[in-house]
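Engineer: What follows is target33.cif, made up of mmCIF, C-alpha atoms:
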```cif
data_final
loop_
_atom_site.label_atom_id
_atom_site.label_comp_id
_atom_site.auth_asym_id
_atom_site.auth_seq_id
_atom_site.Cartn_x
_atom_site.Cartn_y
_atom_site.Cartn_z
CA MET A 8 24.75 27.12 -6.47
CA ASN A 9 24.53 27.10 -10.24
CA PRO A 10 23.08 23.97 -11.87
CA GLN A 11 25.84 21.43 -12.34
CA LEU A 12 27.02 20.74 -15.85
CA SER A 13 26.76 17.23 -17.21
CA THR A 14 30.01 15.60 -18.22
CA SER A 15 28.76 15.45 -21.81
CA ALA A 16 28.54 19.26 -21.93
CA LEU A 17 32.32 19.56 -22.04
CA PRO A 18 34.36 18.46 -25.09
CA ALA A 19 37.41 17.73 -22.95
CA PRO A 20 38.28 17.28 -19.28
CA ILE A 21 39.21 20.23 -17.12
CA GLY A 22 42.97 20.49 -16.91
CA VAL A 23 44.16 20.78 -13.30
CA ILE A 24 47.70 21.98 -12.52
CA ILE A 25 49.06 21.67 -8.99
CA VAL A 26 52.59 22.89 -8.31
CA SER A 27 54.05 21.17 -5.27
CA TYR A 28 57.21 21.55 -3.21
CA ASN A 29 57.47 19.39 -0.09
CA THR A 30 53.72 19.45 0.59
CA ARG A 31 53.05 15.71 0.93
CA SER A 32 50.28 15.81 3.52
CA LEU A 33 48.56 18.90 2.14
CA LEU A 34 48.79 17.57 -1.41
CA HIS A 35 47.13 14.31 -0.38
CA THR A 36 44.19 16.20 1.11
CA CYS A 37 43.93 18.45 -1.95
CA LEU A 38 43.86 15.55 -4.41
CA GLN A 39 41.27 13.76 -2.28
CA SER A 40 39.01 16.79 -2.41
CA LEU A 41 39.08 16.80 -6.22
CA GLN A 42 37.44 13.38 -6.27
CA CYS A 43 34.11 15.00 -5.37
CA CYS A 44 33.99 16.78 -8.75
CA SER A 45 31.39 15.36 -11.16
CA LEU A 46 33.20 16.77 -14.20
CA PRO A 47 36.03 14.94 -15.98
CA LEU A 48 39.46 16.06 -14.82
CA CYS A 49 42.95 15.64 -16.19
CA THR A 50 45.22 16.42 -13.25
CA VAL A 51 48.96 16.97 -13.34
CA VAL A 52 51.17 17.56 -10.32
CA VAL A 53 54.33 19.46 -11.22
CA ASP A 54 56.84 18.71 -8.48
CA ASN A 55 59.51 21.34 -7.85
CA HIS A 56 62.19 18.83 -6.79
CA SER A 57 60.62 17.81 -3.47
CA THR A 58 62.46 15.70 -0.91
CA ASP A 59 59.50 14.58 1.25
CA GLU A 60 58.27 11.52 -0.71
CA SER A 61 55.30 13.46 -2.06
CA VAL A 62 55.94 12.15 -5.58
CA ALA A 63 55.85 8.54 -4.38
CA MET A 64 52.65 9.27 -2.44
CA VAL A 65 50.86 10.62 -5.51
CA ARG A 66 51.94 7.72 -7.71
CA ALA A 67 50.88 5.15 -5.12
CA THR A 68 47.62 6.72 -3.93
CA PHE A 69 46.37 8.60 -7.00
CA PRO A 70 47.50 6.57 -10.03
CA HIS A 71 45.19 8.53 -12.34
CA VAL A 72 47.13 11.74 -11.59
CA GLN A 73 50.08 12.56 -13.81
CA VAL A 74 53.30 13.57 -12.05
CA GLN A 75 55.97 15.67 -13.71
CA VAL A 76 59.16 16.00 -11.65
CA LEU A 77 61.46 18.95 -12.29
CA ALA A 78 65.21 18.61 -11.80
CA GLN A 79 65.31 21.72 -9.60
CA ASN A 80 62.96 24.15 -7.89
CA ARG A 81 62.13 26.53 -10.72
CA GLY A 82 59.53 28.57 -8.87
CA PHE A 83 55.78 28.75 -9.22
CA ALA A 84 55.50 30.47 -12.60
CA ALA A 85 57.94 28.19 -14.44
CA ALA A 86 56.44 25.05 -12.91
CA THR A 87 52.91 26.18 -13.76
CA ASN A 88 53.94 26.89 -17.34
CA TYR A 89 55.41 23.39 -17.53
CA GLY A 90 52.02 22.02 -16.52
CA LEU A 91 50.17 24.27 -18.96
CA ARG A 92 52.37 23.09 -21.82
CA TRP A 93 51.98 19.47 -20.79
CA LEU A 94 48.18 19.73 -20.71
CA THR A 95 47.69 21.71 -23.90
CA GLY A 96 50.48 20.46 -26.14
CA ALA A 97 54.05 21.47 -26.85
CA ASP A 98 53.23 25.17 -27.14
CA CYS A 99 50.20 26.92 -25.65
CA LEU A 100 50.75 29.84 -27.98
CA ALA A 101 50.55 27.82 -31.20
CA PRO A 102 47.83 25.21 -30.64
CA ALA A 103 47.41 22.49 -33.24
CA PRO A 104 44.75 19.79 -33.70
CA ARG A 105 45.25 17.13 -31.09
CA THR A 106 43.67 13.85 -30.05
CA PRO A 107 42.29 13.89 -27.47
CA PRO A 108 41.55 17.62 -27.62
CA PRO A 109 43.30 19.82 -25.04
CA PRO A 110 41.23 21.12 -22.12
CA ASP A 111 39.04 24.14 -22.74
CA TYR A 112 39.42 25.14 -19.09
CA LEU A 113 42.55 25.10 -16.97
CA LEU A 114 42.52 25.14 -13.17
CA LEU A 115 45.53 26.44 -11.26
CA LEU A 116 45.32 25.02 -7.75
CA ASN A 117 47.61 25.28 -4.74
CA PRO A 118 48.34 22.05 -2.84
CA ASP A 119 47.23 23.69 0.42
CA THR A 120 43.61 23.89 -0.72
CA VAL A 121 40.50 21.77 -0.23
CA VAL A 122 37.95 22.02 -3.04
CA HIS A 123 34.36 21.88 -1.77
CA PRO A 124 31.73 19.77 -3.57
CA GLY A 125 30.22 21.67 -6.49
CA ALA A 126 32.91 24.36 -6.57
CA LEU A 127 34.48 23.43 -9.91
CA GLU A 128 31.05 22.85 -11.42
CA ASP A 129 30.00 26.38 -10.44
CA LEU A 130 33.17 27.95 -11.85
CA VAL A 131 32.80 26.13 -15.17
CA ALA A 132 29.07 26.91 -15.36
CA PHE A 133 29.80 30.61 -14.91
CA LEU A 134 32.36 30.65 -17.73
CA GLU A 135 30.01 28.67 -19.96
CA THR A 136 27.30 31.33 -19.56
CA HIS A 137 29.55 34.43 -19.58
CA PRO A 138 31.60 34.33 -22.79
CA ARG A 139 33.49 37.60 -22.12
CA VAL A 140 34.78 36.42 -18.75
CA GLY A 141 38.19 34.86 -19.22
CA LEU A 142 39.13 33.90 -15.67
CA VAL A 143 37.25 33.23 -12.44
CA GLY A 144 38.19 32.64 -8.83
CA PRO A 145 36.20 31.02 -6.02
CA ARG A 146 35.43 32.27 -2.55
CA LEU A 147 38.34 31.21 -0.33
CA LEU A 148 37.73 30.13 3.24
CA ASN A 149 40.06 29.81 6.19
CA PRO A 150 40.14 26.43 7.97
CA ASP A 151 37.71 27.83 10.58
CA GLY A 152 35.18 28.64 7.84
CA SER A 153 35.67 32.40 7.85
CA VAL A 154 36.04 34.23 4.55
CA GLN A 155 39.63 34.75 3.42
CA PRO A 156 40.34 37.78 1.20
CA ALA A 157 40.67 36.45 -2.35
CA ALA A 158 39.46 39.29 -4.58
CA PHE A 159 41.74 42.26 -5.11
CA ARG A 160 42.20 45.49 -7.02
CA PHE A 161 45.38 46.16 -8.92
CA PRO A 162 47.98 47.95 -6.75
CA THR A 163 47.69 51.67 -6.04
CA LEU A 164 49.87 54.10 -4.07
CA THR A 165 47.25 54.12 -1.33
CA MET A 166 47.65 50.36 -1.07
CA SER A 167 51.43 50.79 -0.88
CA LEU A 168 50.91 53.21 2.01
CA LEU A 169 48.50 50.91 3.86
CA GLU A 170 50.89 47.99 3.40
CA VAL A 171 53.68 49.59 5.43
CA PHE A 172 51.59 51.87 7.67
CA PRO A 173 48.79 49.43 8.57
CA PRO A 174 45.24 50.61 9.30
CA GLY A 175 44.62 50.70 13.03
CA GLU A 176 48.29 51.38 13.84
CA VAL A 177 49.01 54.62 11.99
CA LEU A 178 46.10 55.23 9.62
CA PRO A 179 42.37 54.90 10.43
CA GLY A 180 41.36 51.31 11.22
CA ARG A 181 38.20 51.64 9.13
CA TRP A 182 40.39 51.53 6.03
CA TYR A 183 41.30 47.90 6.71
CA GLY A 184 39.58 45.62 4.20
CA SER A 185 38.12 48.60 2.34
CA TRP A 186 38.21 49.60 -1.32
CA TRP A 187 41.21 51.80 -0.50
CA HIS A 188 42.96 48.72 0.89
CA GLY A 189 42.52 46.94 -2.44
CA ARG A 190 39.62 44.78 -1.30
CA TYR A 191 36.03 44.29 -2.39
CA PRO A 192 33.66 44.76 0.58
CA GLN A 193 30.97 42.66 -1.13
CA GLU A 194 33.28 39.65 -0.78
CA GLN A 195 32.38 39.36 2.89
CA ALA A 196 28.63 39.20 2.31
CA GLY A 197 26.35 37.68 -0.28
CA ARG A 198 26.84 35.00 -2.90
CA ALA A 199 26.31 37.00 -6.08
CA PRO A 200 29.27 36.91 -8.53
CA PHE A 201 31.08 40.23 -9.03
CA PRO A 202 33.87 41.59 -11.27
CA ILE A 203 37.36 41.98 -9.80
CA ASP A 204 40.84 42.94 -10.94
CA HIS A 205 42.47 39.69 -9.90
CA PRO A 206 41.93 36.73 -7.54
CA LEU A 207 44.38 35.19 -5.13
CA GLY A 208 46.48 32.67 -7.03
CA ALA A 209 45.58 29.77 -4.72
CA CYS A 210 42.77 28.73 -7.06
CA LEU A 211 41.71 30.13 -10.42
CA LEU A 212 40.04 28.77 -13.54
CA ILE A 213 41.02 30.19 -16.93
CA ARG A 214 39.95 29.52 -20.50
CA ARG A 215 42.60 27.88 -22.66
CA ARG A 216 41.71 30.42 -25.34
CA VAL A 217 42.81 33.22 -23.01
CA VAL A 218 46.18 31.55 -22.42
CA GLU A 219 46.64 31.23 -26.17
CA GLN A 220 45.92 34.95 -26.56
CA VAL A 221 47.91 36.52 -23.71
CA GLY A 222 50.64 33.92 -23.20
CA LEU A 223 51.93 32.01 -20.22
CA LEU A 224 52.97 33.26 -16.79
CA ASP A 225 56.09 35.42 -16.72
CA GLU A 226 58.85 33.09 -15.47
CA ARG A 227 60.98 36.00 -14.27
CA TYR A 228 58.75 35.94 -11.18
CA PHE A 229 60.05 33.18 -8.93
CA MET A 230 57.24 33.68 -6.41
CA TYR A 231 54.60 36.34 -5.76
CA SER A 232 52.85 38.74 -8.17
CA GLU A 233 52.99 36.37 -11.13
CA GLU A 234 49.20 35.92 -11.11
CA ILE A 235 48.71 39.70 -10.76
CA GLU A 236 50.89 40.34 -13.81
CA TRP A 237 49.03 37.60 -15.74
CA CYS A 238 45.64 39.09 -14.82
CA TRP A 239 46.88 42.53 -15.88
CA ARG A 240 47.58 41.18 -19.37
CA ILE A 241 44.25 39.36 -19.40
CA ARG A 242 42.36 42.54 -18.54
CA GLN A 243 44.38 44.54 -21.10
CA ALA A 244 43.35 41.99 -23.73
CA GLY A 245 39.69 42.80 -23.07
CA TRP A 246 38.69 39.85 -20.88
CA ALA A 247 36.76 40.27 -17.64
CA ILE A 248 37.71 38.57 -14.37
CA TRP A 249 35.11 37.66 -11.75
CA GLN A 250 34.76 35.99 -8.39
CA VAL A 251 32.06 33.32 -8.05
CA PRO A 252 31.30 33.13 -4.30
CA SER A 253 29.04 30.07 -4.59
CA ALA A 254 32.21 28.11 -5.43
CA CYS A 255 34.04 27.59 -2.14
CA VAL A 256 37.61 26.41 -1.59
CA THR A 257 39.36 26.19 1.77
CA HIS A 258 42.86 27.66 1.64
CA ILE A 259 44.83 26.24 4.53
CA GLY A 260 47.97 28.29 4.00
CA GLY A 261 46.15 31.58 4.21
CA GLY A 262 44.58 30.80 7.56
CA SER A 263 47.51 29.29 9.43
CA ALA A 264 49.57 31.28 11.90
CA ARG A 265 53.08 31.52 10.50
CA GLN A 266 56.30 33.05 11.65
CA PHE A 267 57.67 36.04 9.81
CA ARG A 268 59.37 34.53 6.75
CA HIS A 269 62.29 36.75 6.01
CA ARG A 270 63.37 35.67 2.53
CA MET A 271 59.79 35.42 1.29
CA PHE A 272 59.17 38.96 2.55
CA LEU A 273 62.09 40.13 0.41
CA GLU A 274 60.86 38.16 -2.62
CA LEU A 275 57.40 39.72 -2.25
CA HIS A 276 58.83 43.23 -2.53
CA ARG A 277 61.21 42.24 -5.31
CA SER A 278 58.32 40.86 -7.38
CA ARG A 279 56.21 43.96 -6.79
CA LEU A 280 59.00 46.18 -8.07
CA ARG A 281 59.27 44.03 -11.20
CA PHE A 282 55.52 44.33 -11.79
CA PHE A 283 55.56 48.10 -11.36
CA ARG A 284 58.52 48.46 -13.74
CA GLN A 285 56.65 46.44 -16.36
CA HIS A 286 53.25 48.06 -16.22
CA TYR A 287 53.26 51.29 -14.18
CA SER A 288 54.68 54.77 -14.73
CA PRO A 289 58.15 55.87 -13.55
CA THR A 290 56.47 58.39 -11.24
CA PHE A 291 54.41 55.66 -9.59
CA LEU A 292 57.53 53.54 -9.15
CA ARG A 293 59.46 56.39 -7.51
CA LEU A 294 56.64 57.18 -5.08
CA HIS A 295 56.16 53.50 -4.23
CA ARG A 296 59.87 53.19 -3.45
CA LEU A 297 59.76 56.25 -1.16
CA ILE A 298 56.68 55.01 0.70
CA THR A 299 58.08 51.51 1.14
CA ALA A 300 61.49 52.78 2.25
CA ALA A 301 59.83 54.92 4.93
CA GLY A 302 57.82 51.90 6.02
CA MET A 303 60.95 49.77 6.36
CA VAL A 304 62.62 52.39 8.57
CA ARG A 305 59.52 52.44 10.76
CA ALA A 306 59.48 48.62 10.90
CA MET A 307 63.13 48.51 11.97
CA VAL A 308 62.51 51.00 14.79
CA ARG A 309 59.44 49.05 15.98
CA THR A 310 61.43 45.81 15.89
CA TRP A 311 64.20 47.31 18.04
CA LEU A 312 61.63 48.60 20.54
CA GLU A 313 59.90 45.23 20.67
CA HIS A 314 63.24 43.53 21.32
CA HIS A 315 64.11 46.11 23.99
CA ARG A 316 60.89 45.17 25.81
CA GLN A 317 62.13 41.55 25.75
CA ARG A 318 59.33 40.41 23.48
CA LEU A 319 61.47 39.30 20.55
CA PRO A 320 64.17 36.58 20.60
CA HIS A 321 67.58 37.39 19.12
CA PRO A 322 67.23 35.08 16.05
CA GLU A 323 63.93 36.71 15.12
CA LEU A 324 65.41 40.16 15.69
CA ARG A 325 68.29 39.41 13.31
CA GLY A 326 65.98 37.91 10.70
CA ARG A 327 63.56 40.82 10.68
CA LEU A 328 66.25 43.48 10.63
CA TRP A 329 67.95 41.64 7.75
CA ALA A 330 64.69 41.48 5.78
CA TYR A 331 63.74 45.11 6.39
CA GLY A 332 67.28 46.22 5.57
CA GLU A 333 67.35 44.25 2.32
CA VAL A 334 64.01 45.70 1.22
CA LEU A 335 65.24 49.19 2.12
CA ARG A 336 68.34 48.66 -0.05
CA LEU A 337 66.12 47.31 -2.83
CA MET A 338 64.00 50.47 -2.73
CA GLN A 339 67.08 52.68 -2.77
CA LYS A 340 68.49 50.88 -5.81
CA GLY A 341 65.15 50.96 -7.56
#
```
Translate this structure into structure tokens?
Structural biologist:
Amino acid sequence: MNPQLSTSALPAPIGVIIVSYNTRSLLHTCLQSLQCCSLPLCTVVVDNHSTDESVAMVRATFPHVQVQVLAQNRGFAAATNYGLRWLTGADCLAPAPRTPPPPDYLLLLNPDTVVHPGALEDLVAFLETHPRVGLVGPRLLNPDGSVQPAAFRFPTLTMSLLEVFPPGEVLPGRWYGSWWHGRYPQEQAGRAPFPIDHPLGACLLIRRRVVEQVGLLDERYFMYSEEIEWCWRIRQAGWAIWQVPSACVTHIGGGSARQFRHRMFLELHRSRLRFFRQHYSPTFLRLHRLITAAGMVRAMVRTWLEHHRQRLPHPELRGRLWAYGEVLRLMQKG
């Protein structure tokens, strides 16, 4: 672990932004975990129009935390931008002198995380000693303590292929978790920091100066890929992005067993297409669409076979076929 910074070493608190939507219990645990941080924090919860009393819980249990309630669910990117503007002033892109000064560092944190003692101190210490690094992510852990993938390369066609023809099923299993799969093998072993293309968006610390330079998150992304697109712009602006494995954060959502979420599956592919249209070549986009379309046809056939063997209930069959069909139509439209 890096030596902890004293609170006097920072001119302003760390700004913490947590976007929440009906996550009352998880949010409570997340906010509790932040209390172990020895650095000053200015925390804002941006609530995406929850209906589970999470806003009342925060106000009653964590009175030092600011709560901003949106009139409707605007998605992760828009809600995060709301928090960024609130913490840094009316406009992140045109900062003006302010009292007290806005945070030099901004932490984007999911409500389904638990921050380990010393994690934020290590992330800040790394940025303080590496002036060309603009954004850092921690090592993410599953609830059982195993390492959760949280360091990724920018998408490639090989990754598109491995996404729909998974290693071990069609392609060689040794490719799973490899460089070709968009992962960094060193993430699973060792505690030395290393450069990456982008972290998982569950937890990341960014310099305010970087936000001022590259802008806010793209609000056209309702969910998924918004942090990848942001990191793309950050890298294009000349900043490095690293993972700091000594900083550990448990990510509950990533380790829980969940049912196939049909609409979120569609949104994932919709966001990827948007990202590729923005930053990749037309040839890449065409090939990605062909690969993904073939993968959806395969998934539909496998789903029918699984149902035929009486392993899949009718509601799940309908949901999966709907999702695969919608993604297939999306790829055909481009």
Engineer: Got a sec: who's within 8 Å of Cys49 (chain A), counting all atoms listed in the file, leaving out chain neighbours fewer than 2 positions off, as an MDAnalysis selection string?
Structural biologist: chainID A and resid 20:23 47 51 72
Engineer: For the atom pair CA of His258 (chain A) and CA of Val52 (chain A), what is the interatomic distance in Å to one decimal place?
Structural biologist: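 Going from CA of His258 (chain A) over to CA of Val52 (chain A) covers 17.7 Å.
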Engineer: Choose the residue, out of A:Pro206, A:Pro289, A:Gly332, A:Pro252, that has the smallest atom-to-atom separation from Phe272 (chain A); count only C-alpha atoms.
Structural biologist: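 Result for the nearest residue to Phe272 (chain A): A:Gly332.
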Engineer: Applying the PyMOL selection byres ((chain A and resi 35) around 9) to the file I just gave you, which residues come out? Please list them as a PDB file with C-alpha atoms, in the coordinates of the input.
Structural biologist:
```
ATOM      1  CA  THR A  30      53.720  19.450   0.590  1.00  0.00           C
ATOM      2  CA  ARG A  31      53.050  15.710   0.930  1.00  0.00           C
ATOM      3  CA  SER A  32      50.280  15.810   3.520  1.00  0.00           C
ATOM      4  CA  LEU A  33      48.560  18.900   2.140  1.00  0.00           C
ATOM      5  CA  LEU A  34      48.790  17.570  -1.410  1.00  0.00           C
ATOM      6  CA  THR A  36      44.190  16.200   1.110  1.00  0.00           C
ATOM      7  CA  CYS A  37      43.930  18.450  -1.950  1.00  0.00           C
ATOM      8  CA  LEU A  38      43.860  15.550  -4.410  1.00  0.00           C
ATOM      9  CA  GLN A  39      41.270  13.760  -2.280  1.00  0.00           C
ATOM     10  CA  SER A  40      39.010  16.790  -2.410  1.00  0.00           C
ATOM     11  CA  SER A  61      55.300  13.460  -2.060  1.00  0.00           C
ATOM     12  CA  MET A  64      52.650   9.270  -2.440  1.00  0.00           C
ATOM     13  CA  VAL A  65      50.860  10.620  -5.510  1.00  0.00           C
ATOM     14  CA  THR A  68      47.620   6.720  -3.930  1.00  0.00           C
ATOM     15  CA  PHE A  69      46.370   8.600  -7.000  1.00  0.00           C
ATOM     16  CA  PRO A 118      48.340  22.050  -2.840  1.00  0.00           C
TER      17      PRO A 118
END
```
Engineer: Report as a count of residues only the full result of the PyMOL selection byres ((chain A and resi 158) around 7) when it is applied to this structure.
Structural biologist: 10
Engineer: When you count all atoms listed in the file, which of these residues is closest to Glu233 (chain A): A:Glu194, A:Glu274, A:Asp111, A:Asp119?
Structural biologist: A:Glu274
Engineer: Write out as a ChimeraX atom specification the residues lying within 12 Å of Leu211 (chain A), counting only C-alpha atoms and excluding same-chain residues fewer than 3 positions away.
Structural biologist: /A:22-25,112-117,120,122,126-127,130-131,134,141-147,157-158,205-208,214,234-235,237-238,248-251,254-256
Engineer: So how many Å separate CA of Phe229 (chain A) and CA of Val26 (chain A), to one decimal?
Structural biologist: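 Spanning CA of Phe229 (chain A) to CA of Val26 (chain A) is a straight-line distance of 12.7 Å.
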Engineer: Return the single residue from A:Pro322, A:Pro202, A:Gly260, A:Gly222 that is closest to His137 (chain A), with distances computed using only C-alpha atoms.
Structural biologist: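 The closest residue to His137 (chain A) is A:Pro202.
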Engineer: Taking (49.9, 32.4, -19.0) in the file's coordinates, which residues come within 10 Å, counting all atoms listed in the file, written as a JSON list (two decimals) with C-alpha atoms, in the coordinates of the input?
Structural biologist:
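Final file, part.json:
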```
[["chain", "number", "residue", "atom", "x", "y", "z"],
["A", 84, "ALA", "CA", 55.50, 30.47, -12.60],
["A", 87, "THR", "CA", 52.91, 26.18, -13.76],
["A", 88, "ASN", "CA", 53.94, 26.89, -17.34],
["A", 91, "LEU", "CA", 50.17, 24.27, -18.96],
["A", 99, "CYS", "CA", 50.20, 26.92, -25.65],
["A", 100, "LEU", "CA", 50.75, 29.84, -27.98],
["A", 213, "ILE", "CA", 41.02, 30.19, -16.93],
["A", 215, "ARG", "CA", 42.60, 27.88, -22.66],
["A", 217, "VAL", "CA", 42.81, 33.22, -23.01],
["A", 218, "VAL", "CA", 46.18, 31.55, -22.42],
["A", 219, "GLU", "CA", 46.64, 31.23, -26.17],
["A", 220, "GLN", "CA", 45.92, 34.95, -26.56],
["A", 221, "VAL", "CA", 47.91, 36.52, -23.71],
["A", 222, "GLY", "CA", 50.64, 33.92, -23.20],
["A", 223, "LEU", "CA", 51.93, 32.01, -20.22],
["A", 224, "LEU", "CA", 52.97, 33.26, -16.79],
["A", 225, "ASP", "CA", 56.09, 35.42, -16.72],
["A", 226, "GLU", "CA", 58.85, 33.09, -15.47],
["A", 233, "GLU", "CA", 52.99, 36.37, -11.13],
["A", 234, "GLU", "CA", 49.20, 35.92, -11.11],
["A", 236, "GLU", "CA", 50.89, 40.34, -13.81],
["A", 237, "TRP", "CA", 49.03, 37.60, -15.74],
["A", 238, "CYS", "CA", 45.64, 39.09, -14.82],
["A", 240, "ARG", "CA", 47.58, 41.18, -19.37],
["A", 241, "ILE", "CA", 44.25, 39.36, -19.40]]
```
Engineer: Can you measure CA of Gly197 (chain A) to CA of Leu46 (chain A) for me? One decimal in Å is fine.
Structural biologist: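 Computing the Euclidean distance for CA of Gly197 (chain A) and CA of Leu46 (chain A) yields 26.0 Å.
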Engineer: Give me, as a PyMOL selection string, all polymer residues having an atom no more than 12 Å from Arg279 (chain A), counting only C-alpha atoms and skipping those fewer than 5 positions away in the same chain.
Structural biologist: chain A and resi 161-163+167+227-236+272-274+284-287+292+295-296+299+334+337-338+341
Engineer: Write out as a list of chain:residue names which residues come within 12 Å of Asn80 (chain A) when counting only C-alpha atoms, dropping same-chain ones fewer than 5 positions away.
Structural biologist: A:Val26, A:Ser27, A:Tyr28, A:Asn29, A:Val53, A:Asp54, A:Asn55, A:His56, A:Ser57, A:Thr58, A:Ala85, A:Ala86, A:Thr87, A:Phe229, A:Met230
Engineer: With 3 Å on each side, where is the centre of the axis-aligned box around all listed atoms of region 30-34 of chain A, and how long are its edges in Å to one decimal, as JSON?
Structural biologist:
```
{"center_x": 51.1, "center_y": 17.6, "center_z": 1.1, "size_x": 11.2, "size_y": 9.7, "size_z": 10.9}
```
Engineer: Which residues match the PyMOL selection byres ((chain A and resi 311) around 12) in the file above, as a PyMOL selection string?
Structural biologist: chain A and resi 304-310+312-321+323-325+327-328+331
Engineer: Suppose we keep C-alpha atoms; can you now write the selection as an mmCIF file, keeping the file's coordinate frame?
Structural biologist:
```cif
data_model
loop_
_atom_site.group_PDB
_atom_site.id
_atom_site.type_symbol
_atom_site.label_atom_id
_atom_site.label_comp_id
_atom_site.auth_asym_id
_atom_site.auth_seq_id
_atom_site.Cartn_x
_atom_site.Cartn_y
_atom_site.Cartn_z
ATOM 1 C CA VAL A 304 62.620 52.390 8.570
ATOM 2 C CA ARG A 305 59.520 52.440 10.760
ATOM 3 C CA ALA A 306 59.480 48.620 10.900
ATOM 4 C CA MET A 307 63.130 48.510 11.970
ATOM 5 C CA VAL A 308 62.510 51.000 14.790
ATOM 6 C CA ARG A 309 59.440 49.050 15.980
ATOM 7 C CA THR A 310 61.430 45.810 15.890
ATOM 8 C CA LEU A 312 61.630 48.600 20.540
ATOM 9 C CA GLU A 313 59.900 45.230 20.670
ATOM 10 C CA HIS A 314 63.240 43.530 21.320
ATOM 11 C CA HIS A 315 64.110 46.110 23.990
ATOM 12 C CA ARG A 316 60.890 45.170 25.810
ATOM 13 C CA GLN A 317 62.130 41.550 25.750
ATOM 14 C CA ARG A 318 59.330 40.410 23.480
ATOM 15 C CA LEU A 319 61.470 39.300 20.550
ATOM 16 C CA PRO A 320 64.170 36.580 20.600
ATOM 17 C CA HIS A 321 67.580 37.390 19.120
ATOM 18 C CA GLU A 323 63.930 36.710 15.120
ATOM 19 C CA LEU A 324 65.410 40.160 15.690
ATOM 20 C CA ARG A 325 68.290 39.410 13.310
ATOM 21 C CA ARG A 327 63.560 40.820 10.680
ATOM 22 C CA LEU A 328 66.250 43.480 10.630
ATOM 23 C CA TYR A 331 63.740 45.110 6.390
#
```
Engineer: When you count all atoms listed in the file, which of these residues is closest to Leu335 (chain A): A:Arg242, A:His188, A:Arg160, A:Arg277?
Structural biologist: A:Arg277
Engineer: With all atoms listed in the file as the basis for distance, which of A:Val121, A:Cys44, A:Leu294, A:Leu275 is at the shortest distance from Ile259 (chain A)?
Structural biologist: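 Among the listed residues, the smallest separation from Ile259 (chain A) belongs to A:Val121.
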Engineer: How would region 300-313 of chain A look with N, CA and C atoms restored, written as a short mmCIF file (atom, residue, chain, number, x, y, z; two decimals), keeping the file's coordinate frame?
Structural biologist:
```
data_model
loop_
_atom_site.label_atom_id
_atom_site.label_comp_id
_atom_site.auth_asym_id
_atom_site.auth_seq_id
_atom_site.Cartn_x
_atom_site.Cartn_y
_atom_site.Cartn_z
N ALA A 300 60.26 52.52 1.49
CA ALA A 300 61.49 52.78 2.25
C ALA A 300 61.17 53.37 3.62
N ALA A 301 60.24 54.33 3.65
CA ALA A 301 59.83 54.92 4.93
C ALA A 301 59.21 53.86 5.83
N GLY A 302 58.43 52.97 5.24
CA GLY A 302 57.82 51.90 6.02
C GLY A 302 58.84 50.94 6.60
N MET A 303 59.91 50.67 5.85
CA MET A 303 60.95 49.77 6.36
C MET A 303 61.70 50.39 7.52
N VAL A 304 61.96 51.70 7.45
CA VAL A 304 62.62 52.39 8.57
C VAL A 304 61.74 52.30 9.81
N ARG A 305 60.45 52.55 9.63
CA ARG A 305 59.52 52.44 10.76
C ARG A 305 59.51 51.02 11.33
N ALA A 306 59.51 50.01 10.45
CA ALA A 306 59.48 48.62 10.90
C ALA A 306 60.74 48.26 11.69
N MET A 307 61.88 48.78 11.25
CA MET A 307 63.13 48.51 11.97
C MET A 307 63.11 49.13 13.37
N VAL A 308 62.60 50.35 13.48
CA VAL A 308 62.51 51.00 14.79
C VAL A 308 61.56 50.22 15.70
N ARG A 309 60.40 49.82 15.18
CA ARG A 309 59.44 49.05 15.98
C ARG A 309 60.03 47.72 16.42
N THR A 310 60.81 47.09 15.54
CA THR A 310 61.43 45.81 15.89
C THR A 310 62.43 45.98 17.03
N TRP A 311 63.25 47.03 16.96
CA TRP A 311 64.20 47.31 18.04
C TRP A 311 63.46 47.55 19.35
N LEU A 312 62.39 48.32 19.32
CA LEU A 312 61.63 48.60 20.54
C LEU A 312 61.01 47.33 21.11
N GLU A 313 60.49 46.49 20.22
CA GLU A 313 59.90 45.23 20.67
C GLU A 313 60.96 44.34 21.32
#
```
